Amino acid sequence: MVAPIFTIKPDDEKKPGYQKIIDDDHPYFIYVPRTLPDGKVLKRYIDVSQLISIHKGILLEKKEVLETDRMGLLEDLLIENLDLGAEGEDGQQAFVAAKS
């Protein structure tokens with residue numbers, strides 16, 4: 001499964017949901033800034049509400065690796081939005097995943 005990464009434009013920063021994205025408080029978006037070689041920060045977000053499945057052959061090369069904290073937030077949001085949590089006998093949440 002893949003999700004699109006969108007760039008935050010200057011006009012987007014005036015929209016009501018912008019601060020929620022930056023503060024990691026949005027129900028579907030994960031903020032994933034990228035520092036460019038010139039030192040500027042490209043503000044972007046992943047929209048987990050637009051997941052699509054693709055054939056693994058389309059993934060020709062690794063383009064970018066998310067930082068550990070961003071990947072953890074993405075994983076948590078995916079579990080929450082896809083309801084992949086399962087409650088075990090002891091009442092603890094357990095992650096359910098298919099083997100690849």
# chains A, B, ... in the order shown; residues from 1 in each chain; ligands from 1
call {"tool": "closest_atom_pairs", "arguments": {"of": "range 16-46 of chain A", "to": "range 54-72 of chain A", "cutoff": "10 Å", "atoms": "only C-alpha atoms", "output": "Markdown table"}}
result
| residue | atom | partner | partner_atom | distance |
| --- | --- | --- | --- | --- |
| A:Asp24 | CA | A:Arg70 | CA | 9.6 |
| A:Ile30 | CA | A:Arg70 | CA | 7.5 |
| A:Tyr31 | CA | A:Arg70 | CA | 7.6 |
| A:Val32 | CA | A:Arg70 | CA | 6.7 |
| A:Pro33 | CA | A:Arg70 | CA | 9.5 |
| A:Arg34 | CA | A:Leu66 | CA | 9.3 |
call {"tool": "residues_around", "arguments": {"residues": "Leu42 in chain A", "least_positions_apart": "4", "cutoff": "12 Å", "atoms": "only C-alpha atoms", "output": "NGL selection string"}}
result
:A and (5-10 or 31-38)
call {"tool": "atom_distance", "arguments": {"atom1": "CA of Gly17 in chain A", "atom2": "CA of Gly39 in chain A"}}
result
25.9 Å
call {"tool": "select_by_dssp", "arguments": {"residues": "chain A", "states": "strand (DSSP E)", "output": "ChimeraX atom specification"}}
result
/A:5-7,29-31,34-35,41-42,44-47,85-87,93-95
call {"tool": "atom_distance", "arguments": {"atom1": "CA of Gln19 in chain A", "atom2": "CA of Pro4 in chain A"}}
result
19.7 Å
call {"tool": "closest_residue", "arguments": {"among": "A:Arg44, A:Gln50, A:Asp11, A:Phe29", "to": "Glu75 in chain A", "atoms": "only C-alpha atoms"}}
result
A:Phe29
call {"tool": "atom_distance", "arguments": {"atom1": "CA of Lys40 in chain A", "atom2": "CA of Asp12 in chain A"}}
result
17.6 Å
